[in-house]
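The structure appears right after this line, and notes come after that.
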Amino acid sequence: MSTRKARPINGATGPWEIVIGMEVHAQVASNAKLFSGASTKFGAEPNANVSLVDAAMPGMLPVINRVAVEQAVRTGLGLKAQINLSSVFDRKNYFYPDLPAGYQISQYKQPIVGEGELVIDLEGGDSVHVGIERLHLEQDAGKSLHDQHPDYTYVDLNRAGVALMEIVSKPDMRSAEEAAGFLHKLRSILRYLGTCDGNMEEGSMRADVNVSVRRPGEALGTRCEIKNVNSVRFVGQAVEYEARRQVDVIEAGGTIRQETRLFDARLGETRPMRSKEEAHDYRYFPDPDLMPLVLDQARVDEIAATLPELPDEKKTRFIASGLSAYDAGVLVAERETADYFEEMIATGAEAKASANWLINEYFGRLNREGLTLADAPVSARANSQIVQMVTSNLISGKIAKDVLDIVWHERDADPMVVVEARGLRQVNDEGAIITAIEAVIAANPQKVEELKAKPKLAGWFVGQVMKQTGGKANPQSVNAILKKRLDISDEG
Amino acid sequence: MVQPADPAKFTLTDARDAIRAKSISSRELTEACIGAIGAARSLNAFVTETPERAMEGAAEADARIAKGSARPLEGLPLAIKDLFCTKGVRTTAGSRMLDNFVPTYESTVTQNIWDAGAVLLGKTNMDEFAMGSSNETSFFGPVINPWRARGRNEDLVPGGSSGGSAASVAGDLCLAATGTDTGGSIRQPAAVTGTVGIKPTYGRCSRWGIIAFASSLDQAGPMTKTVADAALMLQVMAGHDPKDSTSVDIPVPDYSAGLEGSIKGLRVGIPKEYRIDGAPPEIDTLWAKGASWLKSQGAEIVDVSLPHTKYALPVYYIVAPAEASSNLARYDGVRFGHRTESPRDLLELYEKSRAEGFGREVKRRIIIGTYVLSSGYYDAYYVRAQKLRTLIAQDFTRAFEACDVLLTPSTPSAAFAVNSKTADPVSMYLNDVFTVTVNLAGLPGLSVPAGLSSEGLPLGLQVIGKAFDEATVLKAGRAIERAADFKHDVSRWWSTR
C-alpha cells in the first residue's frame with residue numbers, strides 16, 4: 001500500500017534516515033471559545049473578544065462549548081480515528097502574562113480522539129500512510145505584544161481560550177516532502193470537514209515538527225522540536241535544514257541535544273529557542289471545574305452520518321470516472337476545487353475534458369492573474385458550457401480560449417451567446433472547408449510543388465486554411481480533407 | 001411569634017413573618033442591624049459595610065411589601081462572606097491580594113438572594129482565601145467570637161474560615177449570613193459560635209462567582225440562628241446553574257415544609273471512628289445526648305463504621321492545596337489585584353506581587369499543593385489521595401445502606417483563644433477532623449448548636465445526610481434543636497469596648 005521511495009540524506013559517512021512526527025494545532029471552526037461565549041472572530045480590536053472567564057476573573061468557571069466538542073468528534077471521524085466516549089480535561093499549569101488563569105485547560109491522559117490514520121499523496125501518484133496518535137481539545141493562549149511600547153509588554157487576550165485541536169501524528173514520516181504532504185493533506189481534510197478554516201496566515205493552523213535522524217534500521221535518534229511552523233512550504237524547508245544540521249553535528253562527532261527550535265523563514269534555518277530559566281513542570285491534574293466529557297455513541301453516529309465525502313474517496317471516484325491519478329489529486333486537494341469541478345460535471349461537461357480544461361487552461365490563467373477559484377470571474381457553469389462546446393465540436397480548442405477570454409472580461413456573458421453572437425461556431429461543413437482549401441492552393445502553387453518533396457509542409461497548409469476561416473474550421477476536418485486533396489500519405 | 005425588643009435579634013423566619021404582618025418594616029430591621037454592626041466593630045466581623053446600599057434595599061423592600069408582592073427574603077438584612085463576588089462592592093477573600101478588587105459581576109448564589117428580596121449589610125471577614133479554621137489568617141485581622149468562657153474576658157476565635165459570618169449571626173449583627181465550606185468552614189464556625197450552618201451537597205449551590213479555594217470541595221451554604229432559618233435561606237441559595245458545570249440539575253425540594261415532621265423510624269448512624277483519643281469527654285457526652293434526643297423522638301440508633309476516616313485529613317490536605325495552588329495562580333499582579341511596585345522583570349513581578357499579596361497560610365498551602373502535583377510526587381500524593389477519597393466516599397455509601405443520616409460531633413473542641421494555635425498549623429488543621437470527610441464525599445452536613453462546654457461555650461452536633469437529601473438532614477437537625485433548647489443569647493459585652 002505504501003509506495004514510498006526511500007529518500008535518505010547522504011552524509012559524509014553514508015546515508016541517514018530522517019524520522020518526522022508532527023503536532024498540529026488547528027483552531028476549531030466555532031463562533032465561541034472552548035469554555036466561554038466570547039467571539040472568535042479574527043482581526044478584532046485587542047481585547048475586544050474577552051469574557052470574564054477568558055480573563056480568569058475570580059470566581060469564573062469554564063463551561064464546555066458543545067460545538068467545539070462535535071467539531072473534534074467530526075475531525076476524529078474524518079481521520080478514521082477512535083472516538084473516546086469519555087475524556088478528561090486537565091490543567092497544564094505555568095505562569096505567563098498571556099495565560100490569565102495560570103493554567104491552560106487541555107486534555108492530557110484521556111484525549112477525546114485516539115488513534116487514526118491519514119494518507120499522504122506524493123508527487124507521481126505515490127501515497128504514504130501516516131498514523132495519527134491522538135487528537136485532543138485545548139485552549140489557546142493570548143498574545144504578548146512586545147513591540148507596542150519601549151518599557152511595557154501589552155497583552156491581547158482575544159485568542160485566549162479559543163478552541164484548538166492538537167493533532168499528533170506518529171513518527172511515520174521519512175522526508176521533507178512527506179512532512180509537507182502531511183500538513184497539506186491534514187489541512188485539506190479539516191477544510192472538507194469544515195472543522196478548521198485552515199487559514200495559516202491568520203494562525204488557524206500551526207505545526208510543531210519533531211525531527212530526528214538515524215542510520216537506516218537503527219533505533220530512533222534524539223529529536224528536536226521545531227515550533228510554530230506556519231506554512232506547508234516552511235515545513236519542508238525546516239525539515240530539510242534541520243535534518244542536514246543534525247547529520248552534520250553527528251558526523252562531526254557531536255551529539256544532538258533534545259531541544260525546542262525555531263524556524264526562521266527569512267533565513268530558512270532553525271535555531272534553538274531562548275532557553276527557559278528552568279525546565280517546566282506543568283503539574284497536570286484533572287480540572288476540578290469540569291466533569292469528564294461524556295459522549296453518546298448515538299450522537300457520534302449521527303455526526304458520522306453527516307460527514308462529507310473526503311478527498312481520498314473523492315479521488316478514487318474521480319479516477320473511476322476516467323481521470324488520471326494526478327489530475328484527480330489536483331482536483332480533490334481543495335474542497336472548493338473539487339466542488340467547482342463537480343459542478344461542471346453536473347451541468348453537463350464531460351469529466352476528463354473538464355479536468356483537462358481546468359488544470360491546463362483555467363488554473364494557469366488564475367495563477368497568472370494571482371486569483372483563487374473563489375474570487376475568479378468565471379462560473380463553473382460557464383466553464384462547463386465552454387468545455388461542452390469543444391466536446392461537441394461546436395467550437396475549436398483555440399476558439400475556446402478566446403471565448404474564455406471574453407467571458408473573463410465580460411463577467412455575466414453567456415459563452416453560448418458569445419459564440420453565436422460573434423459567429424465563432426466551428427466550421428464543420430465540408431463544402432466550406434474545401435472552398436477555403438482550394439483558395440489556399442490556388443494562391444500558393446509554389447508551396448504545392450514544394451510539398452511533394454517536403455511532406456512536413458502539410459502543417460503550413462493547415463495553418464493557412466485555419467487563418468482563412470478565422471480559426472473556426474474544424475482542424476480535424478481540415479487535416480483530413482487536405483490530405484485527400486493533396487494526396488499526402490500519413491507517414492508524412 | 002416572639003418579638004424581641006431589639007429587631008436585630010430576630011430570627012430570619014420570625015423577621016419574615018413580622019415583615020409580612022407589617023408589625024415591623026425592613027427599614028427598622030436594617031437600621032437595627034446597621035446599629036449593631038456599628039457597635040460591634042471590635043469584633044472585626046465585617047471587611048466592608050454597605051449601610052447606604054442596605055437602606056436603599058430596605059426602602060425598595062418596604063415598597064414591595066406595601067404592594068403585597070413580597071418575595072421569600074423580602075427586606076431581610078443579611079451579611080455575605082467576602083468570598084462571594086458582589087457587583088460594585090469590594091470583594092477581598094480576606095486577602096491583601098484582592099484588597100482593591102471590585103467585581104463587575106454578582107455571584108449566582110448572592111444574585112439568587114437579592115432576587116428573593118434580601119438586603120446586603122456588608123461583606124464579612126474570613127480566613128484568607130478561606131484557608132483557616134480560626135479566622136486568624138485574614139489580612140484584615142482576626143474576628144472575635146461573641147461568646148466568652150464563663151467568667152472570663154479572654155478573646156476567643158469564631159472558627160473559620162467563615163468566622164465573620166458566624167460572629168455576625170451569633171452577635172445578632174444580621175439576621176443570617178452566607179458562608180462557604182471546603183473542609184468545615186461553615187460547620188466548624190457555626191459550632192463554636194452557637195449558630196446553625198449547613199454545607200449542602202456538592203453541586204447543590206452554584207460556585208459561579210465565588211472565589212475558588214478548592215473547586216472539588218467548595219460549597220456555599222447558609223449560617224443562621226435556627227434550623228428553620230437555614231431551610232428558608234438554603235431554599236433561595238440552591239439550584240442548578242448552567243454557568244457551573246459541577247452544579248447539578250435536580251429539583252430543589254421545599255426544605256421548610258417537612259421540617260417539623262416526625263423523625264419516627266429515622267435510622268441514625270453513629271460512626272465509631274469519630275470517637276477520637278484526646279478529645280474532651282464532654283464532646284462524647286454531648287454526642288451521646290444527641291443520640292438519645294433523637295431516639296426519644298422515635299429515631300432508631302445504629303452503629304456504623306466509616307473505616308477510612310483516619311485518612312480524611314491527610315487526603316484533604318493534599319487535594320485542597322493541590323487545587324488551590326492552581327486556582328490561585330491567576331493572582332499574578334497582571335490584570336487585577338495586588339501588584340508590586342516597579343518590578344525589574346516579569347519574574348520579579350510574579351514573585352513580589354504574590355509574596356506581598358498572600359499571607360503565610362495561603363503561601364504554605366500553595367507550596368504544599370505545588371509539591372504534591374510536581375512530577376515525581378504526583379502519583380505518590382495526588383493520585384493516592386484521589387484513590388483514598390473514593391474509598392472515603394464509599395464508606396459513606398455503605399453506611400447509608402444501614403441508616404438515613406449520621407450523627408457526629410461538629411468539632412473536637414469548643415472555641416479556643418485567639419493566637420493559641422497559630423504557631424502550630426497541624427493542631428489548627430485538626431479542628432476540621434469531623435467535617436472534612438463530608439466535603440471529600442460531597443455530602444450535605446449540618447452543624448446545630450446542642451449544648452455548652454464546661455466553660456459555658458457552645459458545642460455543635462453534626463448531621464450528615466445522603467447526597468441531595470438536605471431535607472432529611474434539616475429535619476434531623478431540627479429535632480436536635482428542639483430537644484437541646486439551646487439558648488443562643490450572648491451579652492453584648494463588645495459594645496462597651
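Note on naming: chains are A, B, ... as they come in the C-alpha cells, residues start from 1 per chain, ligands start from 1 in the order shown.
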
Chain B residues near chain A (7 Å cut-off, only C-alpha atoms) as a PDB file with C-alpha atoms, in the first residue's frame:
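Output file part32.pdb follows:
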```pdb
ATOM      1  CA  TRP B 208     -20.088  30.703  39.899  1.00  0.00           C
ATOM      2  CA  GLY B 209     -18.778  33.986  41.236  1.00  0.00           C
ATOM      3  CA  ILE B 210     -17.479  32.506  44.464  1.00  0.00           C
ATOM      4  CA  ILE B 211     -13.715  32.938  44.674  1.00  0.00           C
ATOM      5  CA  ALA B 212     -12.362  29.416  44.382  1.00  0.00           C
ATOM      6  CA  SER B 215     -13.034  23.580  43.364  1.00  0.00           C
ATOM      7  CA  SER B 216     -13.955  19.942  44.002  1.00  0.00           C
ATOM      8  CA  LYS B 243     -22.625  28.569  34.347  1.00  0.00           C
ATOM      9  CA  ASP B 244     -21.223  25.994  36.811  1.00  0.00           C
ATOM     10  CA  SER B 245     -20.551  22.644  35.122  1.00  0.00           C
ATOM     11  CA  THR B 246     -20.457  20.911  38.511  1.00  0.00           C
ATOM     12  CA  SER B 326      -3.673  26.056  40.613  1.00  0.00           C
ATOM     13  CA  ALA B 329      -2.242  31.109  40.025  1.00  0.00           C
ATOM     14  CA  ARG B 330      -4.448  33.794  38.476  1.00  0.00           C
ATOM     15  CA  VAL B 334      -1.028  41.260  35.846  1.00  0.00           C
ATOM     16  CA  LEU B 373       1.365  17.929  41.918  1.00  0.00           C
ATOM     17  CA  SER B 374       5.008  18.010  40.863  1.00  0.00           C
ATOM     18  CA  SER B 375       6.373  15.377  38.612  1.00  0.00           C
TER      19      SER B 375
END
```

Mind the document's chain letters and residue numbers, and return as a VMD selection string the residues of stretch 198-425 of chain B that DSSP labels helix (DSSP H, G or I). chain B and resid 227 to 237 272 to 274 281 to 296 309 to 330 346 to 357 360 to 373 379 to 402 425

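Computed from the coordinates, the atom CA of A:Leu424 to atom CA of A:Val403 distance equals 8.6 Å.
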
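Atom CA of B:Val157 sits 5.5 Å away from atom CA of B:Ser134.
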
Excluding same-chain residues fewer than 2 positions from stretch 54-64 of chain B, what lies within 6 Å of it counting only C-alpha atoms, as JSON, numbers by chain? {"B": [26, 27, 51, 52, 66, 67, 69, 70, 74, 75, 119, 120, 121]}

Since we have the selection now, will you write its residues out, keeping N, CA, C and O atoms, as a PDB file, in the first residue's frame?
```pdb
ATOM      1  N   SER B  26     -38.779  46.662  56.924  1.00  0.00           N
ATOM      2  CA  SER B  26     -37.406  46.324  56.575  1.00  0.00           C
ATOM      3  C   SER B  26     -36.471  47.431  57.039  1.00  0.00           C
ATOM      4  O   SER B  26     -35.356  47.173  57.486  1.00  0.00           O
ATOM      5  N   ARG B  27     -36.951  48.647  56.937  1.00  0.00           N
ATOM      6  CA  ARG B  27     -36.111  49.767  57.366  1.00  0.00           C
ATOM      7  C   ARG B  27     -35.728  49.630  58.837  1.00  0.00           C
ATOM      8  O   ARG B  27     -34.567  49.779  59.194  1.00  0.00           O
ATOM      9  N   PRO B  51     -23.885  50.275  54.481  1.00  0.00           N
ATOM     10  CA  PRO B  51     -25.139  50.761  55.083  1.00  0.00           C
ATOM     11  C   PRO B  51     -26.042  51.516  54.099  1.00  0.00           C
ATOM     12  O   PRO B  51     -27.261  51.348  54.154  1.00  0.00           O
ATOM     13  N   GLU B  52     -25.431  52.307  53.186  1.00  0.00           N
ATOM     14  CA  GLU B  52     -26.294  53.067  52.257  1.00  0.00           C
ATOM     15  C   GLU B  52     -27.054  52.104  51.345  1.00  0.00           C
ATOM     16  O   GLU B  52     -28.264  52.240  51.149  1.00  0.00           O
ATOM     17  N   ALA B  66     -45.475  46.810  50.850  1.00  0.00           N
ATOM     18  CA  ALA B  66     -46.697  47.620  50.859  1.00  0.00           C
ATOM     19  C   ALA B  66     -47.608  47.225  49.700  1.00  0.00           C
ATOM     20  O   ALA B  66     -48.828  47.203  49.824  1.00  0.00           O
ATOM     21  N   LYS B  67     -46.971  46.871  48.549  1.00  0.00           N
ATOM     22  CA  LYS B  67     -47.769  46.482  47.378  1.00  0.00           C
ATOM     23  C   LYS B  67     -48.245  45.033  47.463  1.00  0.00           C
ATOM     24  O   LYS B  67     -48.953  44.547  46.580  1.00  0.00           O
ATOM     25  N   SER B  69     -46.262  42.397  47.276  1.00  0.00           N
ATOM     26  CA  SER B  69     -45.537  41.499  46.383  1.00  0.00           C
ATOM     27  C   SER B  69     -44.181  41.078  46.984  1.00  0.00           C
ATOM     28  O   SER B  69     -43.163  41.135  46.331  1.00  0.00           O
ATOM     29  N   ALA B  70     -44.245  40.725  48.262  1.00  0.00           N
ATOM     30  CA  ALA B  70     -43.009  40.336  48.959  1.00  0.00           C
ATOM     31  C   ALA B  70     -42.493  39.001  48.447  1.00  0.00           C
ATOM     32  O   ALA B  70     -43.252  38.072  48.202  1.00  0.00           O
ATOM     33  N   GLU B  74     -37.807  38.992  51.386  1.00  0.00           N
ATOM     34  CA  GLU B  74     -38.010  40.426  51.180  1.00  0.00           C
ATOM     35  C   GLU B  74     -37.643  41.241  52.411  1.00  0.00           C
ATOM     36  O   GLU B  74     -38.150  41.003  53.504  1.00  0.00           O
ATOM     37  N   GLY B  75     -36.726  42.172  52.207  1.00  0.00           N
ATOM     38  CA  GLY B  75     -36.396  43.145  53.242  1.00  0.00           C
ATOM     39  C   GLY B  75     -35.566  42.612  54.391  1.00  0.00           C
ATOM     40  O   GLY B  75     -35.368  43.316  55.388  1.00  0.00           O
ATOM     41  N   VAL B 119     -31.516  42.106  51.763  1.00  0.00           N
ATOM     42  CA  VAL B 119     -30.797  43.384  51.839  1.00  0.00           C
ATOM     43  C   VAL B 119     -29.354  43.100  52.265  1.00  0.00           C
ATOM     44  O   VAL B 119     -29.124  42.355  53.224  1.00  0.00           O
ATOM     45  N   LEU B 120     -28.395  43.714  51.554  1.00  0.00           N
ATOM     46  CA  LEU B 120     -26.969  43.481  51.858  1.00  0.00           C
ATOM     47  C   LEU B 120     -26.481  44.470  52.916  1.00  0.00           C
ATOM     48  O   LEU B 120     -26.464  45.680  52.699  1.00  0.00           O
ATOM     49  N   LEU B 121     -26.042  43.924  54.067  1.00  0.00           N
ATOM     50  CA  LEU B 121     -25.478  44.770  55.129  1.00  0.00           C
ATOM     51  C   LEU B 121     -23.992  45.000  54.927  1.00  0.00           C
ATOM     52  O   LEU B 121     -23.449  46.020  55.313  1.00  0.00           O
TER      53      LEU B 121
END
```
